[in-house]
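Participant: Sharing coords-v2.cif here; it has mmCIF, C-alpha atoms.
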data_work
#
loop_
_atom_site.label_atom_id
_atom_site.label_comp_id
_atom_site.auth_asym_id
_atom_site.auth_seq_id
_atom_site.Cartn_x
_atom_site.Cartn_y
_atom_site.Cartn_z
CA MET A 30 77.43 132.38 94.20
CA ARG A 31 79.59 132.97 97.27
CA ASP A 32 76.91 134.96 99.10
CA ALA A 33 74.35 132.19 98.61
CA PHE A 34 75.67 130.13 101.50
CA SER A 35 74.85 130.76 105.11
CA GLY A 36 76.39 128.79 107.95
CA PRO A 37 74.66 125.86 109.63
CA ARG A 38 72.02 126.82 112.17
CA ASN A 39 71.51 124.87 115.41
CA GLY A 40 73.84 122.17 114.09
CA ARG A 41 71.22 120.85 111.69
CA HIS A 42 73.58 120.64 108.73
CA GLY A 43 75.89 118.38 110.72
CA ARG A 44 73.38 115.72 111.66
CA ALA A 45 73.18 112.81 109.27
CA THR A 46 70.11 110.63 109.11
CA GLY A 47 71.40 107.09 108.63
CA GLY A 48 71.08 104.90 105.56
CA ALA A 49 71.45 101.46 104.05
CA ALA A 50 75.23 101.40 104.43
CA GLY A 51 75.24 101.86 108.20
CA PRO A 52 73.30 102.53 111.38
CA ALA A 53 70.72 105.19 112.02
CA ILE A 54 72.49 108.19 113.50
CA GLY A 55 69.72 110.60 114.45
CA PRO A 56 66.90 110.26 116.97
CA ALA A 57 66.09 106.79 115.60
CA ALA A 58 69.32 105.58 117.15
CA GLY A 59 67.78 105.96 120.57
CA THR A 60 68.48 109.60 121.31
CA ALA A 61 67.52 113.11 120.41
CA ALA A 62 70.79 114.86 119.71
CA GLY A 63 71.22 117.82 122.02
CA ALA A 64 68.65 116.65 124.57
CA SER A 65 69.78 116.96 128.18
CA GLY A 66 71.93 113.97 129.14
CA SER A 67 71.55 112.24 125.76
CA VAL A 68 74.47 110.76 123.86
CA PRO A 69 73.57 109.99 120.23
CA PHE A 70 75.28 107.08 118.54
CA PHE A 71 76.75 109.57 116.09
CA THR A 72 76.66 113.27 115.34
CA GLN A 73 79.05 115.60 113.55
CA ALA A 74 77.26 118.85 114.36
CA ARG A 75 80.14 120.52 116.22
CA THR A 76 82.70 119.28 113.69
CA PHE A 77 80.64 120.71 110.86
CA GLU A 78 80.22 124.03 112.64
CA ALA A 79 83.99 124.34 113.04
CA LEU A 80 84.67 123.42 109.42
CA TRP A 81 81.86 125.46 107.91
CA PRO A 82 83.99 128.43 106.69
CA ASP A 83 86.30 126.07 104.77
CA ILE A 84 83.41 123.97 103.46
CA ARG A 85 81.47 127.06 102.43
CA SER A 86 84.44 128.34 100.41
CA ARG A 87 84.89 124.98 98.67
CA LEU A 88 81.16 124.69 97.92
CA ALA A 89 81.21 128.16 96.41
CA GLU A 90 83.92 126.96 94.02
CA VAL A 91 81.70 124.07 92.98
CA PHE A 92 78.85 126.43 92.14
CA ASP A 93 81.20 128.86 90.41
CA ASP A 94 82.57 126.02 88.27
CA GLY A 95 79.06 124.82 87.48
CA LYS A 96 80.21 121.19 87.48
CA PHE A 97 78.72 119.04 90.20
CA SER A 98 79.99 115.56 89.33
CA HIS A 99 83.46 114.30 88.41
CA GLY A 100 84.82 117.84 88.41
CA ARG A 101 87.68 119.83 89.87
CA GLN A 102 86.89 119.14 93.54
CA VAL A 103 86.84 115.39 92.89
CA ALA A 104 90.22 115.54 91.17
CA ARG A 105 91.65 117.53 94.06
CA PHE A 106 90.25 115.10 96.59
CA GLU A 107 91.66 112.09 94.72
CA GLU A 108 95.10 113.67 94.71
CA ALA A 109 94.88 114.67 98.40
CA LEU A 110 93.62 111.22 99.41
CA ALA A 111 96.41 109.51 97.48
CA ARG A 112 98.98 111.66 99.28
CA TRP A 113 97.40 111.05 102.69
CA THR A 114 97.28 107.26 102.29
CA GLY A 115 100.45 106.86 100.24
CA ALA A 116 98.52 105.27 97.38
CA ARG A 117 99.72 105.83 93.85
CA TYR A 118 96.11 106.19 92.73
CA ALA A 119 92.80 107.05 94.41
CA VAL A 120 89.63 106.71 92.34
CA GLY A 121 86.56 108.51 93.73
CA VAL A 122 83.18 106.82 93.32
CA ASN A 123 79.70 107.31 94.73
CA SER A 124 79.80 104.73 97.58
CA GLY A 125 81.97 102.21 99.32
CA THR A 126 79.80 99.42 97.92
CA ASP A 127 80.35 100.56 94.33
CA ALA A 128 84.05 100.84 95.09
CA LEU A 129 84.10 97.13 95.98
CA VAL A 130 82.08 96.08 92.94
CA LEU A 131 84.24 98.07 90.53
CA LEU A 132 87.47 96.94 92.18
CA LEU A 133 86.47 93.30 91.86
CA ARG A 134 85.60 93.83 88.20
CA ALA A 135 88.80 95.75 87.54
CA CYS A 136 90.76 92.87 89.10
CA GLY A 137 89.27 90.53 86.50
CA LEU A 138 86.57 88.68 88.44
CA GLN A 139 84.67 86.43 86.02
CA PRO A 140 81.18 84.90 86.32
CA GLY A 141 81.25 82.02 88.77
CA ASP A 142 84.66 82.87 90.26
CA GLU A 143 84.77 82.37 94.01
CA VAL A 144 85.83 85.03 96.49
CA ILE A 145 86.50 84.13 100.13
CA VAL A 146 84.71 86.56 102.47
CA PRO A 147 84.33 86.55 106.28
CA ALA A 148 80.91 85.52 107.56
CA PHE A 149 80.94 88.43 110.02
CA THR A 150 80.93 91.75 108.18
CA PHE A 151 78.50 94.20 106.61
CA VAL A 152 76.47 92.58 103.84
CA ALA A 153 78.09 94.76 101.14
CA SER A 154 81.34 92.76 101.42
CA ALA A 155 79.58 89.68 100.05
CA SER A 156 76.85 91.31 97.96
CA ALA A 157 79.56 93.17 96.03
CA VAL A 158 80.93 89.81 94.95
CA VAL A 159 77.51 88.80 93.66
CA LEU A 160 76.99 92.13 91.89
CA ALA A 161 80.40 91.74 90.21
CA GLY A 162 79.38 88.31 88.92
CA GLY A 163 81.22 86.13 91.43
CA ARG A 164 80.25 83.71 94.18
CA PRO A 165 81.02 84.50 97.83
CA VAL A 166 82.49 81.68 99.86
CA PHE A 167 82.35 82.30 103.59
CA ALA A 168 85.00 81.68 106.22
CA ASP A 169 85.04 82.18 109.98
CA ILE A 170 86.62 85.02 111.93
CA ASP A 171 89.18 85.37 114.68
CA PRO A 172 87.05 85.77 117.85
CA VAL A 173 89.22 88.57 119.27
CA THR A 174 89.79 90.81 116.23
CA TYR A 175 86.55 89.87 114.38
CA THR A 176 88.58 89.74 111.14
CA LEU A 177 89.01 86.91 108.64
CA ASP A 178 90.69 83.86 110.19
CA PRO A 179 93.59 82.76 107.94
CA LYS A 180 93.16 79.04 108.67
CA SER A 181 89.42 79.12 107.96
CA ALA A 182 90.14 81.08 104.77
CA ALA A 183 92.71 78.52 103.64
CA ASP A 184 90.23 75.70 104.32
CA ALA A 185 87.66 77.47 102.11
CA VAL A 186 89.85 77.48 98.98
CA THR A 187 88.56 75.40 96.06
CA PRO A 188 89.68 75.05 92.42
CA ARG A 189 87.29 77.90 91.55
CA THR A 190 88.63 80.36 94.11
CA ARG A 191 90.15 83.42 92.46
CA MET A 192 90.24 86.05 95.20
CA ILE A 193 90.32 86.50 98.95
CA MET A 194 88.78 89.53 100.65
CA PRO A 195 90.05 90.48 104.12
CA VAL A 196 87.79 92.98 105.89
CA HIS A 197 89.44 95.35 108.36
CA LEU A 198 86.91 96.01 111.12
CA PHE A 199 86.32 98.32 114.07
CA CYS A 200 89.87 99.22 115.14
CA GLN A 201 92.44 96.93 113.48
CA MET A 202 93.46 95.18 110.31
CA ALA A 203 93.14 91.50 109.54
CA ASP A 204 96.29 89.35 109.81
CA MET A 205 97.65 90.40 106.44
CA ASP A 206 100.94 88.48 106.61
CA ALA A 207 99.08 85.21 107.14
CA LEU A 208 96.38 86.02 104.57
CA LEU A 209 98.91 87.13 101.95
CA ASP A 210 100.70 83.82 102.53
CA VAL A 211 97.44 81.95 101.89
CA ALA A 212 96.98 83.97 98.70
CA ARG A 213 100.52 83.26 97.48
CA ARG A 214 100.23 79.51 98.13
CA HIS A 215 96.97 79.30 96.20
CA ARG A 216 97.73 82.01 93.61
CA LEU A 217 94.81 84.19 94.67
CA THR A 218 94.30 87.91 94.21
CA VAL A 219 93.89 89.86 97.46
CA VAL A 220 91.20 92.54 97.43
CA GLU A 221 90.86 94.43 100.71
CA ASP A 222 87.56 95.66 102.05
CA SER A 223 89.19 98.51 103.94
CA ALA A 224 86.01 100.60 104.00
CA GLU A 225 86.40 101.29 107.74
CA ALA A 226 90.18 101.37 107.79
CA ILE A 227 91.35 104.83 106.80
CA GLY A 228 94.50 105.56 108.81
CA MET A 229 95.29 101.90 109.55
CA ARG A 230 98.71 100.75 108.33
CA TRP A 231 100.68 97.52 108.17
CA ASN A 232 104.43 98.12 108.43
CA GLY A 233 103.73 101.63 107.19
CA VAL A 234 101.60 100.51 104.23
CA HIS A 235 98.07 101.87 104.31
CA ALA A 236 95.15 99.44 104.45
CA GLY A 237 94.00 98.59 100.95
CA LEU A 238 97.49 98.68 99.45
CA LEU A 239 98.87 95.30 100.51
CA GLY A 240 97.04 93.38 97.81
CA ALA A 241 95.81 94.40 94.37
CA GLY A 242 93.77 97.24 95.83
CA GLY A 243 91.31 98.26 98.49
CA VAL A 244 88.36 100.53 99.11
CA LEU A 245 87.30 103.30 101.45
CA SER A 246 83.78 104.29 102.45
CA PHE A 247 82.92 107.89 103.31
CA PHE A 248 79.47 107.19 104.69
CA PRO A 249 78.78 109.92 107.29
CA THR A 250 79.60 107.77 110.34
CA LYS A 251 83.00 106.70 109.01
CA THR A 252 86.27 108.06 110.43
CA LEU A 253 86.38 110.32 107.36
CA GLY A 254 82.72 110.88 106.57
CA ALA A 255 80.91 112.86 103.89
CA LEU A 256 77.40 114.31 104.15
CA GLY A 257 76.04 111.44 102.09
CA ASP A 258 77.35 108.41 100.26
CA ALA A 259 80.81 108.43 98.69
CA GLY A 260 83.72 106.01 98.36
CA ALA A 261 87.11 105.47 96.78
CA ILE A 262 89.35 102.76 95.36
CA LEU A 263 93.01 102.73 96.41
CA THR A 264 95.69 100.98 94.36
CA ASP A 265 99.28 101.25 93.22
CA ASP A 266 98.52 99.46 89.93
CA PRO A 267 98.13 101.91 87.00
CA ARG A 268 96.20 99.45 84.84
CA LEU A 269 93.77 98.64 87.64
CA ALA A 270 93.28 102.35 88.38
CA GLU A 271 92.67 103.08 84.73
CA THR A 272 90.11 100.28 84.43
CA ALA A 273 88.31 101.25 87.63
CA GLY A 274 88.23 104.87 86.49
CA ALA A 275 86.61 103.81 83.24
CA LEU A 276 84.11 101.46 84.88
CA ARG A 277 82.79 104.24 87.12
CA HIS A 278 82.12 106.38 84.02
CA HIS A 279 80.08 104.06 81.77
CA GLY A 280 83.22 102.31 80.58
CA ARG A 281 84.57 105.44 78.91
CA TYR A 282 88.34 105.60 78.85
CA GLY A 283 88.37 109.35 78.33
CA ARG A 284 88.18 111.82 81.24
CA THR A 285 88.51 108.98 83.71
CA LEU A 286 91.54 110.02 85.75
CA ALA A 287 93.80 113.01 85.84
CA HIS A 288 96.66 110.51 85.79
CA PHE A 289 95.69 109.28 82.31
CA PRO A 290 95.13 112.34 80.08
CA GLY A 291 94.45 112.04 76.42
CA ILE A 292 92.99 108.54 76.44
CA SER A 293 90.35 107.83 73.81
CA ASN A 294 86.74 108.52 74.81
CA GLU A 295 85.67 105.23 73.19
CA THR A 296 83.58 102.83 75.29
CA THR A 297 85.19 99.40 75.33
CA VAL A 298 83.77 97.87 78.54
CA ASN A 299 80.33 97.97 80.13
CA GLY A 300 80.57 100.35 83.06
CA VAL A 301 78.18 102.14 85.38
CA ASN A 302 77.49 105.68 86.52
CA SER A 303 79.35 105.81 89.82
CA LYS A 304 81.12 109.15 89.72
CA MET A 305 81.69 111.04 92.96
CA ASP A 306 79.73 114.26 93.50
CA ASP A 307 81.83 117.40 93.79
CA ILE A 308 79.81 118.57 96.79
CA GLN A 309 80.85 115.45 98.69
CA ALA A 310 84.44 115.87 97.51
CA ALA A 311 84.45 119.47 98.78
CA VAL A 312 83.26 118.36 102.22
CA LEU A 313 85.78 115.52 102.32
CA LEU A 314 88.64 117.84 101.36
CA ALA A 315 87.79 120.08 104.30
CA LYS A 316 87.49 117.17 106.74
CA LEU A 317 90.70 115.57 105.49
CA THR A 318 92.64 118.54 106.91
CA ARG A 319 91.75 117.44 110.45
CA LEU A 320 91.74 113.67 110.01
CA HIS A 321 94.87 113.07 112.08
CA GLU A 322 93.33 115.13 114.88
CA ASP A 323 90.04 113.23 114.65
CA ILE A 324 91.82 109.85 114.77
CA ALA A 325 93.75 110.95 117.86
CA ARG A 326 90.51 112.13 119.50
CA ARG A 327 88.89 108.77 118.81
CA ALA A 328 91.90 107.02 120.41
CA ARG A 329 91.60 109.12 123.58
CA LEU A 330 87.88 108.40 123.85
CA ALA A 331 88.47 104.67 123.31
CA ALA A 332 91.14 104.66 126.03
CA ALA A 333 88.69 106.38 128.40
CA TYR A 334 86.05 103.73 127.67
CA THR A 335 88.54 100.93 128.33
CA GLU A 336 89.66 102.45 131.62
CA ARG A 337 86.12 103.01 132.87
CA LEU A 338 84.61 99.70 131.73
CA ALA A 339 87.41 97.36 132.82
CA GLY A 340 86.05 94.70 135.15
CA THR A 341 82.38 95.54 134.58
CA PRO A 342 80.21 92.46 135.26
CA GLY A 343 78.52 91.09 132.17
CA VAL A 344 80.92 92.82 129.78
CA LEU A 345 82.62 89.82 128.24
CA ARG A 346 85.22 91.55 126.13
CA LEU A 347 86.54 95.04 125.51
CA PRO A 348 88.36 95.89 122.26
CA THR A 349 91.72 94.13 122.18
CA VAL A 350 94.42 95.18 119.73
CA VAL A 351 96.38 91.99 119.14
CA PRO A 352 100.14 91.93 118.48
CA ARG A 353 101.08 91.13 114.89
CA THR A 354 104.23 90.11 113.06
CA ALA A 355 104.15 93.61 111.54
CA ARG A 356 104.08 97.11 112.97
CA THR A 357 100.44 98.17 113.07
CA ASN A 358 98.37 101.00 114.47
CA PRO A 359 94.77 100.88 115.67
CA VAL A 360 92.21 103.42 114.44
CA PHE A 361 88.92 103.30 116.34
CA TYR A 362 85.98 103.53 113.98
CA VAL A 363 83.54 102.27 116.64
CA TYR A 364 84.01 101.01 120.19
CA LEU A 365 82.75 97.44 120.13
CA VAL A 366 82.18 95.36 123.26
CA GLU A 367 80.68 91.96 123.92
CA ALA A 368 77.94 91.77 126.53
CA GLU A 369 75.98 88.89 128.04
CA LEU A 370 72.57 90.56 127.72
CA ARG A 371 73.34 92.56 124.61
CA ASP A 372 69.80 93.33 123.47
CA GLU A 373 68.59 94.18 126.99
CA LEU A 374 71.61 96.47 127.46
CA ALA A 375 70.85 98.23 124.16
CA ALA A 376 67.23 98.78 125.20
CA TYR A 377 68.30 100.11 128.62
CA LEU A 378 70.77 102.55 127.10
CA ALA A 379 68.21 103.72 124.53
CA ALA A 380 65.67 104.35 127.30
CA HIS A 381 68.25 106.58 128.98
CA GLY A 382 69.14 108.56 125.87
CA VAL A 383 72.22 106.68 124.66
CA GLY A 384 72.37 105.40 121.10
CA THR A 385 74.02 102.09 120.21
CA GLU A 386 74.32 99.89 117.15
CA THR A 387 74.53 96.15 116.59
CA TYR A 388 77.47 95.10 114.43
CA TYR A 389 76.16 92.78 112.98
CA PRO A 390 72.72 91.36 113.86
CA ALA A 391 73.09 88.19 111.75
CA PRO A 392 76.07 86.41 110.16
CA LEU A 393 76.11 86.52 106.40
CA HIS A 394 75.90 82.76 105.88
CA LEU A 395 72.52 82.67 107.68
CA GLN A 396 70.95 85.59 105.84
CA GLU A 397 68.20 84.88 103.33
CA CYS A 398 69.97 86.47 100.38
CA PHE A 399 72.72 83.82 100.66
CA ALA A 400 70.43 80.86 101.45
CA SER A 401 71.31 79.25 98.10
CA LEU A 402 74.84 78.64 99.39
CA GLY A 403 73.40 76.00 101.72
CA HIS A 404 74.89 76.95 105.07
CA ARG A 405 73.51 75.99 108.47
CA ARG A 406 73.81 77.35 111.98
CA GLY A 407 77.06 76.15 113.47
CA ASP A 408 79.09 76.37 110.25
CA PHE A 409 81.00 79.45 111.48
CA PRO A 410 80.67 79.51 115.27
CA HIS A 411 82.86 82.54 115.98
CA ALA A 412 80.89 84.69 113.55
CA GLU A 413 77.61 83.49 115.05
CA ALA A 414 78.77 84.19 118.61
CA ALA A 415 79.86 87.70 117.69
CA CYS A 416 76.46 88.46 116.17
CA GLU A 417 74.76 87.43 119.42
CA ARG A 418 76.95 89.46 121.80
CA THR A 419 78.53 92.52 120.18
CA ILE A 420 77.29 96.07 120.68
CA ALA A 421 78.89 99.33 119.56
CA LEU A 422 78.91 102.25 121.97
CA PRO A 423 79.02 105.89 120.77
CA LEU A 424 82.46 107.00 119.57
CA TYR A 425 83.10 110.09 117.44
CA PRO A 426 85.17 113.29 117.74
CA ASP A 427 82.22 115.43 118.85
CA MET A 428 81.91 113.36 122.05
CA SER A 429 83.21 114.68 125.36
CA LEU A 430 84.71 112.73 128.24
CA ASP A 431 81.52 113.60 130.16
CA ASP A 432 79.61 111.73 127.44
CA VAL A 433 81.88 108.70 127.93
CA ASP A 434 81.33 108.91 131.68
CA ARG A 435 77.56 108.93 131.21
CA VAL A 436 77.61 105.90 128.89
CA CYS A 437 79.93 103.94 131.17
CA ASP A 438 77.92 104.81 134.28
CA LEU A 439 74.77 103.49 132.61
CA VAL A 440 76.52 100.29 131.48
CA ARG A 441 77.75 99.68 135.03
CA ARG A 442 74.31 100.42 136.49
CA PHE A 443 72.74 97.91 134.12
CA ALA A 444 75.43 95.33 134.85
CA THR A 445 75.05 95.59 138.63
CA GLY A 446 71.26 95.77 138.65
CA ARG A 447 71.13 99.22 140.24
CA PRO A 448 68.14 101.44 139.35
CA ALA A 449 68.83 104.50 137.19
#
Render the structure in this file as structure tokens.
Facilitator:
Amino acid sequence: MRDAFSGPRNGRHGRATGGAAGPAIGPAAGTAAGASGSVPFFTQARTFEALWPDIRSRLAEVFDDGKFSHGRQVARFEEALARWTGARYAVGVNSGTDALVLLLRACGLQPGDEVIVPAFTFVASASAVVLAGGRPVFADIDPVTYTLDPKSAADAVTPRTRMIMPVHLFCQMADMDALLDVARRHRLTVVEDSAEAIGMRWNGVHAGLLGAGGVLSFFPTKTLGALGDAGAILTDDPRLAETAGALRHHGRYGRTLAHFPGISNETTVNGVNSKMDDIQAAVLLAKLTRLHEDIARRARLAAAYTERLAGTPGVLRLPTVVPRTARTNPVFYVYLVEAELRDELAAYLAAHGVGTETYYPAPLHLQECFASLGHRRGDFPHAEAACERTIALPLYPDMSLDDVDRVCDLVRRFATGRPA
């Protein structure tokens, strides 16, 4: 099978097409990748070209093995991911959303149990609670970090609260010392939605490993992105890892994890089919080899944005990494700013070939799918304000400093009313 693969032509293999778990990342994002002067919101064409020899070799192994799901490449990726993050166990699944659902179930969430979730996050953070049988209870965010506010979370605790779900967003982790203190005082389990947080650490502990467990998403736009949907559960708890491994495989406790050989193949819990594809694992293994380099590249691009946009009229806030009681490190997944005329700025940039994305267009407590919870506008003002003003500018390793210059020049032109 090794001669069956040819390299990507014209970068087409490296261009993802968007999906339900994130923004559109092709021409629909306001650009045509490769057009003169355009800067797409996301592309990995050059990255994929550079990695193609390694990916091609790994894909050939998949075809030679003849096993395309839950096979040797998945096991290798789980082991490599565990080493990279420092987790005792990494459990590969087919999406970040499924990772959250299975983690909640593996942690013992029961029907009607409440889970505290920030009102400003991607819908999967809260819908996973519903899909796992629980009830999301919303809390407000810190207006600078956009992460779960510990005081608002503490105020949301009721006798039915069983878990608290910090979500680490954009470039930094939630205040884990304060949130872990809330959890200890109220005897709550901490489940981290660390889908965006690969590479982020708290006093040297990787995101997702400060509570019972956490998740990673490998949607194509993520810091470590696949060519489709994929995700993983991280934990140091062997029982939780074993249960999550069974739940992803129809509840079968045989062939669930390399760490648990010889377990009976008997089905004792109702699981789902959420195994990771070996093709995605092969791609992720190749991209994992350059993850440190990609994170450093993202940091340099973010620093260039900050330098060029400082003092721009109408830009209300640039990303601010706040000091914590712990040693932390930022990892820029997207470059998020607040702007006075957010929607008009997005339209202007799109008209000039620059893709953007709104994170997030509506707070969760005001979305129709959670209307039964009875919230009103004004319940979580910081979350609502963020949804009205935030806009993500392009940020990914394939970008050049010239691309950053073009985006910043357009933002300044818009802000000062100068014609293009």
Participant: Using all atoms listed in the file, which residue out of A:Leu217, A:Ala376, A:His235, A:Asp432 lies closest to Gly137 (chain A)?
Facilitator: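 Using all atoms listed in the file, Gly137 (chain A) sits closest to A:Leu217.
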Participant: What does the structure give for the distance between CA of Tyr334 (chain A) and CA of Pro195 (chain A), in Å to one decimal?
Facilitator: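 Distance reported for this atom pair: 27.3 Å.
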Participant: In Å, rounded to a single decimal, give me how far CA of Pro392 (chain A) is from CA of Val166 (chain A).
Facilitator: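 Answer for the CA of Val166 (chain A) to CA of Pro392 (chain A) separation: 13.0 Å.
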Participant: Quick one: residues within 12 Å of Asp210 (chain A), only C-alpha atoms, excluding same-chain residues fewer than 2 positions away - as number ranges by chain?
Facilitator: A: 179-180, 182-183, 193, 204-208, 212-219, 239-240
Participant: Using the chain letters and numbers from the file, give me the residues hit by the PyMOL selection byres ((chain A and resi 402) around 12), as a list in words.
Facilitator: Glu143, Val159, Arg164, Pro165, Val166, Phe167, Leu393, His394, Leu395, Gln396, Glu397, Cys398, Phe399, Ala400, Ser401, Gly403, His404, Arg405 and Asp408 of chain A
Participant: Need the shell around Phe361 (chain A): protein/DNA/RNA residues with any atom at most 12 Å away, counting only C-alpha atoms. Skip same-chain ones fewer than 3 positions apart. Format as a PyMOL selection string?
Facilitator: chain A and resi 197-202+225-229+250-253+323-332+334+348-350+358+364-365+421-426
Participant: On this file, the PyMOL selection byres ((chain A and resi 242) around 10) gives some set of residues; write that set as a list in words.
Facilitator: Ala116, Tyr118, Ala119, Leu129, Leu132, Leu133, Ala135, Cys136, Thr218, Val219, Val220, Glu221, Asp222, Ser223, Ala236, Gly237, Leu238, Leu239, Gly240, Ala241, Gly243, Val244, Ile262, Leu263, Thr264, Asp265, Asp266, Leu269 and Ala270 of chain A
Participant: Can you pull out every residue within 12 Å of Val312 (chain A), counting all atoms listed in the file, but drop anything in the same chain fewer than 6 positions away, and send it as a ChimeraX atom specification?
Facilitator: /A:42-43,76-77,80-91,102-103,105-106,247,249,253-259,305-306,318-319
Participant: List the residues selected by the PyMOL selection byres ((chain A and resi 260) around 7) in the file shown, writing them as number ranges by chain.
Facilitator: A: 121-125, 128, 245-247, 259, 261
Participant: Skipping near chain neighbours, those fewer than 3 positions away, what residues fall within 8 Å of Asp169 (chain A) using all atoms listed in the file, listed as an mmCIF file with C-alpha atoms, keeping the file's coordinate frame?
Facilitator:
data_model
loop_
_atom_site.group_PDB
_atom_site.id
_atom_site.type_symbol
_atom_site.label_atom_id
_atom_site.label_comp_id
_atom_site.auth_asym_id
_atom_site.auth_seq_id
_atom_site.Cartn_x
_atom_site.Cartn_y
_atom_site.Cartn_z
ATOM 1 C CA PRO A 147 84.330 86.550 106.280
ATOM 2 C CA ALA A 148 80.910 85.520 107.560
ATOM 3 C CA PHE A 149 80.940 88.430 110.020
ATOM 4 C CA LEU A 177 89.010 86.910 108.640
ATOM 5 C CA ASP A 178 90.690 83.860 110.190
ATOM 6 C CA SER A 181 89.420 79.120 107.960
ATOM 7 C CA ALA A 182 90.140 81.080 104.770
ATOM 8 C CA PHE A 409 81.000 79.450 111.480
ATOM 9 C CA PRO A 410 80.670 79.510 115.270
ATOM 10 C CA HIS A 411 82.860 82.540 115.980
ATOM 11 C CA ALA A 412 80.890 84.690 113.550
#
Participant: Would you mind telling me which residue in A:Ala111, A:Leu138, A:Leu131, A:Met428 lies nearest to Gly280 (chain A) when using all atoms listed in the file?
Facilitator: A:Leu131
Participant: State, in Å with one decimal place, the distance from CA of Ala275 (chain A) to CA of Val196 (chain A).
Facilitator: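 The value is 25.1 Å.
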Participant: Can you list, as a ChimeraX atom specification, every protein, DNA or RNA residue that comes within 12 Å of Ala339 (chain A) when you count only C-alpha atoms, leaving out same-chain residues fewer than 6 positions away?
Facilitator: /A:332-333,345-349,366,437,440-441
Participant: Under the rule that all atoms listed in the file are counted, which of A:Val158, A:Val383, A:Ile145, A:Ala391 is the nearest residue to Asp434 (chain A)?
Facilitator: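 Counting all atoms listed in the file, the residue closest to Asp434 (chain A) is A:Val383.
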